[in-house]
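Asker: Have a peek at query.cif (mmCIF, C-alpha atoms and all ligand atoms).
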data_model
loop_
_atom_site.label_atom_id
_atom_site.label_comp_id
_atom_site.auth_asym_id
_atom_site.auth_seq_id
_atom_site.Cartn_x
_atom_site.Cartn_y
_atom_site.Cartn_z
CA MET U 1 -26.57 5.11 8.13
CA ALA U 2 -24.53 6.90 5.46
CA LYS U 3 -25.63 6.39 1.85
CA PHE U 4 -23.34 4.25 -0.24
CA ILE U 5 -22.13 5.38 -3.65
CA GLU U 6 -22.69 3.20 -6.70
CA PRO U 7 -19.42 1.61 -7.91
CA PHE U 8 -17.47 3.45 -10.59
CA GLU U 9 -14.07 3.00 -12.20
CA VAL U 10 -11.63 3.88 -9.43
CA THR U 11 -8.42 5.80 -10.07
CA PHE U 12 -6.39 7.76 -7.53
CA ASN U 13 -7.16 11.09 -9.19
CA LYS U 14 -10.87 10.47 -9.56
CA VAL U 15 -11.41 9.40 -5.94
CA TYR U 16 -9.11 12.04 -4.46
CA ASP U 17 -10.74 14.82 -6.52
CA MET U 18 -14.22 13.66 -5.50
CA TYR U 19 -13.09 13.76 -1.86
CA ILE U 20 -11.68 17.28 -2.22
CA ARG U 21 -14.83 18.46 -4.08
CA LYS U 22 -16.96 16.97 -1.25
CA GLU U 23 -18.64 14.52 -3.59
CA LEU U 24 -17.81 11.60 -1.35
CA SER U 25 -16.68 10.69 2.15
CA PHE U 26 -15.46 7.35 3.50
CA LEU U 27 -16.89 4.82 5.90
CA GLY U 28 -14.42 2.32 7.32
CA VAL U 29 -15.30 -0.75 9.31
CA ASN U 30 -13.41 -3.74 10.67
CA ILE U 31 -14.96 -6.98 9.50
CA GLY U 32 -13.16 -10.19 10.41
CA ARG U 33 -9.43 -9.73 9.74
CA TYR U 34 -10.00 -6.82 7.36
CA THR U 35 -10.56 -3.09 7.54
CA LEU U 36 -12.77 -2.10 4.62
CA TRP U 37 -13.25 1.46 3.37
CA LEU U 38 -16.35 2.28 1.33
CA PRO U 39 -17.17 5.54 -0.43
CA VAL U 40 -20.35 7.14 0.91
CA GLU U 41 -22.24 10.30 0.01
CA PHE U 42 -20.93 13.53 1.52
CA GLU U 43 -23.12 14.79 4.36
CA LYS U 44 -22.67 18.23 5.85
CA ASP U 45 -21.70 18.12 9.54
CA LYS U 46 -20.71 14.44 9.36
CA PRO U 47 -17.03 13.36 9.62
CA ARG U 48 -15.47 12.93 6.21
CA ILE U 49 -13.73 9.76 7.36
CA GLN U 50 -15.93 7.72 9.67
CA PHE U 51 -14.39 4.66 11.22
CA TYR U 52 -16.06 1.86 13.17
CA ASN U 53 -14.19 -0.80 15.10
CA ASN U 54 -16.91 -3.27 14.29
CA VAL U 55 -20.25 -3.43 12.54
CA ASP U 56 -22.18 -3.18 15.83
CA GLU U 57 -20.93 0.38 16.34
CA ILE U 58 -22.63 1.62 13.15
CA GLN U 59 -25.92 3.36 13.81
CA PHE U 60 -28.27 1.47 11.56
CA ASN U 61 -31.77 2.82 10.88
CA ASN U 62 -32.95 -0.68 10.13
CA VAL U 63 -30.45 -3.28 11.32
CA ASP U 64 -31.31 -6.10 8.88
CA GLU U 65 -31.74 -3.95 5.78
CA ASP U 66 -28.76 -1.66 6.41
CA PHE U 67 -26.44 -4.55 7.30
CA SER U 68 -27.46 -6.38 4.17
CA GLN U 69 -26.87 -3.19 2.14
CA LEU U 70 -23.38 -2.82 3.66
CA MET U 71 -22.49 -6.39 2.74
CA THR U 72 -23.93 -5.95 -0.76
CA TYR U 73 -21.76 -2.90 -1.44
CA ILE U 74 -18.69 -4.67 -0.07
CA SER U 75 -19.38 -7.49 -2.48
CA ILE U 76 -20.05 -5.32 -5.54
CA TRP U 77 -17.02 -3.08 -5.03
CA GLY U 78 -14.89 -6.24 -4.59
CA THR U 79 -11.73 -6.81 -2.55
CA PRO U 80 -9.07 -5.43 -4.98
CA VAL U 81 -10.91 -2.10 -5.35
CA LEU U 82 -11.58 -1.86 -1.61
CA GLN U 83 -7.88 -2.48 -0.93
CA PHE U 84 -7.00 0.34 -3.30
CA LEU U 85 -9.57 2.62 -1.67
CA SER U 86 -7.96 1.91 1.71
CA GLU U 87 -4.64 3.04 0.21
CA ILE U 88 -6.25 6.33 -0.90
CA VAL U 89 -7.79 6.77 2.57
CA SER U 90 -4.33 6.21 4.10
CA PHE U 91 -2.91 8.92 1.83
CA ILE U 92 -5.62 11.37 2.92
CA ARG U 93 -5.25 10.47 6.62
CA LYS U 94 -1.49 10.91 6.38
CA GLU U 95 -1.93 14.29 4.66
CA GLN U 96 -4.17 15.32 7.54
CA GLY U 97 -1.55 14.19 10.09
CA GLU U 98 -3.96 11.59 11.41
CA LEU U 99 -1.50 8.71 11.14
CA ASN U 100 0.99 10.40 13.48
CA LYS U 101 -0.77 8.89 16.48
CA TYR U 102 0.21 5.36 15.42
CA ASN U 103 3.53 3.59 15.96
CA ALA U 104 5.18 1.86 13.03
CA ILE U 105 7.11 -1.44 13.48
CA ASP U 106 5.76 -3.43 16.39
CA HIS U 107 7.43 -6.82 16.62
CA SER U 108 4.93 -8.16 19.15
CA ILE U 109 2.09 -7.73 16.62
CA CYS U 110 4.10 -8.84 13.57
CA LYS U 111 5.40 -11.98 15.31
CA LYS U 112 1.87 -13.22 15.92
CA CYS U 113 0.85 -12.36 12.36
CA GLY U 114 3.81 -14.20 10.84
CA GLY U 115 4.40 -11.60 8.13
CA ILE U 116 1.25 -11.52 6.00
CA CYS U 117 2.48 -8.34 4.26
CA CYS U 118 5.90 -9.84 3.53
CA LYS U 119 4.25 -12.95 2.08
CA ASN U 120 2.41 -10.68 -0.31
CA SER U 121 5.19 -8.41 -1.59
CA GLY U 122 8.59 -6.91 -0.88
CA CYS U 123 8.35 -3.38 0.44
CA TYR U 124 8.96 -0.21 -1.57
CA TYR U 125 12.04 2.00 -1.36
CA SER U 126 11.93 5.71 -0.84
CA THR U 127 14.57 7.86 -2.53
CA ARG U 128 15.60 8.67 1.06
CA ASP U 129 16.78 5.07 1.51
CA PHE U 130 19.82 5.82 -0.69
CA LYS U 131 22.72 8.09 0.22
CA GLU U 132 23.41 8.66 -3.45
CA ILE U 133 21.08 8.12 -6.41
CA SER U 134 23.30 7.53 -9.42
CA PHE U 135 23.61 4.89 -12.14
CA GLU U 136 26.73 3.43 -10.49
CA ASN U 137 25.31 3.34 -6.99
CA LEU U 138 21.94 1.84 -7.92
CA THR U 139 23.68 -0.69 -10.22
CA MET U 140 25.78 -1.88 -7.27
CA HIS U 141 22.64 -2.16 -5.20
CA LEU U 142 20.67 -4.05 -7.87
CA LEU U 143 23.56 -6.50 -8.37
CA LYS U 144 22.97 -7.71 -4.79
CA GLY U 145 19.92 -9.45 -6.20
CA TYR U 146 17.25 -8.45 -3.71
CA THR U 147 15.83 -5.37 -5.39
CA SER U 148 13.61 -5.04 -8.46
CA ILE U 149 12.72 -2.15 -10.75
CA VAL U 150 8.94 -2.26 -11.09
CA GLY U 151 6.20 -0.25 -12.75
CA ILE U 152 3.32 1.54 -11.07
CA GLU U 153 0.39 2.31 -13.34
CA LYS U 154 -0.88 5.88 -13.50
CA GLU U 155 -4.32 4.88 -12.16
CA LEU U 156 -2.70 3.94 -8.82
CA SER U 157 -0.68 7.09 -8.24
CA GLY U 158 -2.38 9.85 -10.24
CA TYR U 159 0.94 10.54 -12.00
CA ASP U 160 2.19 9.01 -15.28
CA ASN U 161 3.09 5.30 -15.45
CA SER U 162 6.35 5.20 -13.49
CA LEU U 163 9.27 3.05 -12.48
CA VAL U 164 10.21 2.66 -8.81
CA LEU U 165 12.30 0.29 -6.68
CA LYS U 166 11.06 -2.37 -4.30
CA VAL U 167 12.49 -5.41 -2.53
CA ARG U 168 12.29 -8.30 -4.99
CA ASN U 169 9.66 -11.00 -4.64
CA VAL U 170 10.61 -14.69 -4.85
CA ASN U 171 10.88 -15.63 -8.56
CA GLN U 172 10.51 -12.00 -9.63
CA SER U 173 12.97 -10.72 -12.22
CA ILE U 174 15.15 -7.70 -11.56
CA VAL U 175 13.09 -5.70 -14.06
CA ASP U 176 9.35 -6.23 -13.76
CA ILE U 177 7.70 -3.41 -15.65
CA ASP U 178 4.12 -4.52 -14.99
CA THR U 179 2.63 -3.56 -11.63
CA PRO U 180 3.82 -6.58 -9.61
CA THR U 181 1.56 -9.45 -8.68
CA SER U 182 1.54 -10.85 -5.14
CA SER U 183 4.26 -13.22 -3.99
CA GLN U 184 6.59 -13.56 -1.03
CA CYS U 185 9.41 -11.09 -0.41
CA ILE U 186 12.83 -12.62 -1.13
CA LEU U 187 14.15 -11.32 2.23
CA LEU U 188 11.53 -13.03 4.39
CA GLY U 189 13.38 -15.69 6.33
CA GLU U 190 12.23 -18.29 8.84
CA SER U 191 12.50 -15.82 11.69
CA GLY U 192 11.16 -12.82 9.82
CA CYS U 193 12.80 -10.05 7.84
CA GLN U 194 16.52 -10.54 7.22
CA LEU U 195 17.06 -6.78 7.45
CA GLY U 196 17.29 -4.92 10.75
CA ASP U 197 14.48 -2.46 11.48
CA SER U 198 16.44 0.60 10.39
CA GLU U 199 17.83 -1.12 7.26
CA ARG U 200 14.38 -1.87 5.80
CA PRO U 201 13.12 0.24 2.93
CA TYR U 202 10.90 3.10 4.07
CA GLY U 203 7.75 1.28 2.87
CA GLY U 204 8.44 -1.42 5.48
CA ARG U 205 9.35 1.04 8.22
CA ALA U 206 6.24 3.13 7.60
CA LEU U 207 3.72 0.27 7.63
CA ILE U 208 1.56 0.53 10.75
CA PRO U 209 0.79 -2.90 12.26
CA GLN U 210 -2.69 -3.55 13.62
CA ALA U 211 -3.24 -6.51 15.91
CA LYS U 212 -6.57 -7.76 14.63
CA HIS U 213 -7.31 -5.99 11.37
CA SER U 214 -5.71 -4.68 8.19
CA CYS U 215 -2.41 -2.90 8.82
CA ILE U 216 -2.26 0.72 7.67
CA THR U 217 -0.17 1.64 4.64
CA GLY U 218 2.20 4.40 5.69
CA TYR U 219 3.80 4.87 2.27
CA THR U 220 1.27 4.94 -0.55
CA PHE U 221 1.71 4.55 -4.33
CA ARG U 222 1.03 8.28 -4.65
CA GLU U 223 3.98 9.12 -2.38
CA ILE U 224 6.29 6.47 -3.85
CA VAL U 225 5.84 7.77 -7.39
CA ALA U 226 6.04 11.41 -6.27
CA GLU U 227 9.50 10.70 -4.81
CA TRP U 228 10.81 8.70 -7.77
CA ARG U 229 9.44 10.99 -10.51
CA PRO U 230 12.63 13.07 -10.82
CA TYR U 231 14.62 9.84 -11.40
CA GLN U 232 12.53 8.28 -14.19
CA GLY U 233 15.29 8.77 -16.80
CA LEU U 234 17.82 7.03 -14.56
CA LEU U 235 15.46 4.16 -13.69
CA PHE U 236 14.67 3.72 -17.39
CA GLN U 237 18.42 3.46 -18.15
CA LEU U 238 18.81 0.91 -15.34
CA ALA U 239 15.79 -1.06 -16.56
CA LYS U 240 17.36 -1.23 -20.04
CA TYR U 241 20.69 -2.35 -18.58
CA PHE U 242 19.19 -5.06 -16.36
CA MET U 243 16.41 -6.21 -18.71
CA ASN U 244 16.63 -10.02 -19.21
CA LYS U 245 19.75 -10.29 -17.03
CA GLU U 246 19.70 -13.16 -14.54
CA ILE U 247 20.84 -11.75 -11.20
CA PRO U 248 20.83 -14.40 -8.47
CA PHE U 249 20.23 -13.57 -4.84
CA ASN U 250 22.82 -15.39 -2.76
CA GLY U 251 22.01 -13.96 0.65
CA LEU U 252 22.86 -10.69 2.36
S1 LIG A 301 2.85 -5.15 9.38
FE1 LIG A 301 0.88 -6.14 9.61
S2 LIG A 301 0.75 -7.69 7.97
FE2 LIG A 301 2.88 -7.06 8.20
S3 LIG A 301 3.80 -8.57 9.59
FE3 LIG A 301 3.14 -6.81 10.84
S4 LIG A 301 1.07 -7.32 11.51
FE4 LIG A 301 1.57 -8.69 9.82
S1 LIG A 302 12.15 -6.38 3.21
FE1 LIG A 302 11.63 -7.28 5.19
S2 LIG A 302 9.94 -6.00 5.93
FE2 LIG A 302 10.11 -5.61 3.74
S3 LIG A 302 8.69 -7.05 2.81
FE3 LIG A 302 10.70 -8.01 2.85
S4 LIG A 302 10.72 -9.26 4.69
FE4 LIG A 302 9.05 -7.77 4.89
#
What is this structure when it is put down as structure tokens?

Answerer:
Amino acid sequence: MAKFIEPFEVTFNKVYDMYIRKELSFLGVNIGRYTLWLPVEFEKDKPRIQFYNNVDEIQFNNVDEDFSQLMTYISIWGTPVLQFLSEIVSFIRKEQGELNKYNAIDHSICKKCGGICCKNSGCYYSTRDFKEISFENLTMHLLKGYTSIVGIEKELSGYDNSLVLKVRNVNQSIVDIDTPTSSQCILLGESGCQLGDSERPYGGRALIPQAKHSCITGYTFREIVAEWRPYQGLLFQLAKYFMNKEIPFNGL
């Protein structure tokens, strides 16, 4: 089995650079409802991104010892870091064109799931979701009450701390400079998303549903910030304007 890497402080730049410099590869495995991605030592002639549908597919040298080692590393890395690592793996897979084989938006899968992602957070807007990016136009949009200006810390994107737009979470203010905590999207209704498929922000349209395991992020923090970087001055102006303003959401 591949050799696991001892945990270190994970940032986008550090992990991505280590991948490019061939200092690490990734081993992904479905365990229960989750797909977990662990950093492993680079080995010549081995795939850089190895994925196993379940633990039984991994070629263990010693089943008991190796399985216990796998579970130990999952535990010491911890869920939040492993979730972030899966985001970095998605970025790399997308760069390599490897996500093209998947279909985004699949109502049959999402219906059974009941919207776990939407119960966790509103999805992120791309700049391409707006016909015009101006103070007036984004002000009109923010006054509808279902969008927030939020911060993404530099560790997550590899760029500076940045402001971006996402669909507002329940009880979230219009300006939420800290990287948002989990809570339900304000547009999740009893029968799912209140927006039609094509009206959803790109982050929602790009998410790749998986029937039994973690869905695949199709729009990562790295890409979100890369798109919104040229508009930081404008988003800062909007954040100042909307800071501490109560904007109710009264439906679409
Ligand atoms: S994208 Fe995934 S988590 Fe979100 S509703 Fe569909 S199946 Fe559930
Ligand atoms: S906007 Fe729709 S798809 Fe996006 S998180 Fe909210 S409910 Fe889900």

Asker: Just the residues within 9 Å of Leu187 in chain U, please, counting only C-alpha atoms, with nothing from its chain fewer than 5 positions along; format it as an MDAnalysis selection string.

Answerer: chainID U and resid 118 122 146 167:170 192:195 251:252

Asker: Write out as a PyMOL selection string each polymer residue whose atoms come within 9 Å of Val175 in chain U, counting all atoms listed in the file; drop sequence neighbours fewer than 3 positions from it.

Answerer: chain U and resi 148-151+172+238-240+242-245

Asker: In the coordinates of the file, take the point (2.4, 4.1, -8.2) and a cut-off of 8 Å; then, counting all atoms listed in the file, name each qualifying protein, DNA or RNA residue as a PyMOL selection string.

Answerer: chain U and resi 151-159+161-162+164+220-225

Asker: Which one of U:Ile105, U:Val55, U:Ile31, U:Ile5 sits closest to Tyr73 in chain U if you count all atoms listed in the file?

Answerer: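 Among the listed residues, the smallest separation from Tyr73 in chain U belongs to U:Ile5.
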
Asker: For Lys212 in chain U, which residue among U:Ile109, U:Cys185, U:Ile247, U:Ile174 is the nearest when counting all atoms listed in the file?

Answerer: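 Under the stated criterion, the closest residue is U:Ile109.
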
Asker: Can you pull out every residue with an atom within 10 Å of ligand LIG 301 (chain A)? Use all atoms listed in the file and format it as number ranges by chain.

Answerer: U: 104-120, 192-193, 204-217

Asker: Restrict the selected residues to C-alpha atoms and save them as an mmCIF file, keeping the file's coordinate frame.

Answerer:
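Resulting contents of part.cif:
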data_model
loop_
_atom_site.group_PDB
_atom_site.id
_atom_site.type_symbol
_atom_site.label_atom_id
_atom_site.label_comp_id
_atom_site.auth_asym_id
_atom_site.auth_seq_id
_atom_site.Cartn_x
_atom_site.Cartn_y
_atom_site.Cartn_z
ATOM 1 C CA ALA U 104 5.180 1.860 13.030
ATOM 2 C CA ILE U 105 7.110 -1.440 13.480
ATOM 3 C CA ASP U 106 5.760 -3.430 16.390
ATOM 4 C CA HIS U 107 7.430 -6.820 16.620
ATOM 5 C CA SER U 108 4.930 -8.160 19.150
ATOM 6 C CA ILE U 109 2.090 -7.730 16.620
ATOM 7 C CA CYS U 110 4.100 -8.840 13.570
ATOM 8 C CA LYS U 111 5.400 -11.980 15.310
ATOM 9 C CA LYS U 112 1.870 -13.220 15.920
ATOM 10 C CA CYS U 113 0.850 -12.360 12.360
ATOM 11 C CA GLY U 114 3.810 -14.200 10.840
ATOM 12 C CA GLY U 115 4.400 -11.600 8.130
ATOM 13 C CA ILE U 116 1.250 -11.520 6.000
ATOM 14 C CA CYS U 117 2.480 -8.340 4.260
ATOM 15 C CA CYS U 118 5.900 -9.840 3.530
ATOM 16 C CA LYS U 119 4.250 -12.950 2.080
ATOM 17 C CA ASN U 120 2.410 -10.680 -0.310
ATOM 18 C CA GLY U 192 11.160 -12.820 9.820
ATOM 19 C CA CYS U 193 12.800 -10.050 7.840
ATOM 20 C CA GLY U 204 8.440 -1.420 5.480
ATOM 21 C CA ARG U 205 9.350 1.040 8.220
ATOM 22 C CA ALA U 206 6.240 3.130 7.600
ATOM 23 C CA LEU U 207 3.720 0.270 7.630
ATOM 24 C CA ILE U 208 1.560 0.530 10.750
ATOM 25 C CA PRO U 209 0.790 -2.900 12.260
ATOM 26 C CA GLN U 210 -2.690 -3.550 13.620
ATOM 27 C CA ALA U 211 -3.240 -6.510 15.910
ATOM 28 C CA LYS U 212 -6.570 -7.760 14.630
ATOM 29 C CA HIS U 213 -7.310 -5.990 11.370
ATOM 30 C CA SER U 214 -5.710 -4.680 8.190
ATOM 31 C CA CYS U 215 -2.410 -2.900 8.820
ATOM 32 C CA ILE U 216 -2.260 0.720 7.670
ATOM 33 C CA THR U 217 -0.170 1.640 4.640
#

Asker: Using CA of Tyr124 in chain U and CA of Tyr202 in chain U as the two end points, give the distance in Å to one decimal.

Answerer: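 About the pair CA of Tyr124 in chain U and CA of Tyr202 in chain U: they are 6.8 Å apart.
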
Asker: Looking at U:Ile88, U:Cys123, U:Leu38, U:Met1, which one is nearest to Phe67 in chain U, with distances taken over all atoms listed in the file?

Answerer: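 The shortest atom-to-atom distance to Phe67 in chain U comes from U:Met1.
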
Asker: Could you check the closest approach to Gly203 in chain U for each of U:Arg21, U:Lys166, U:Arg229, U:Lys46 and tell me which residue wins, using all atoms listed in the file?

Answerer: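 Nearest candidate to Gly203 in chain U out of U:Arg21, U:Lys166, U:Arg229, U:Lys46: U:Lys166.
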
Asker: Which residues, written as a PyMOL selection string, have at least one atom at most 9 Å from Glu23 in chain U, with all atoms listed in the file counted and residues fewer than 5 positions away on the same chain left out?

Answerer: chain U and resi 17-18+40-42

Asker: For a quick check of understanding, using all atoms listed in the file, which of U:Pro39, U:Tyr231, U:Tyr102, U:Met71 has the smallest distance to Leu138 in chain U?

Answerer: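 Answer, going by the shortest atom-to-atom distance: U:Tyr231.
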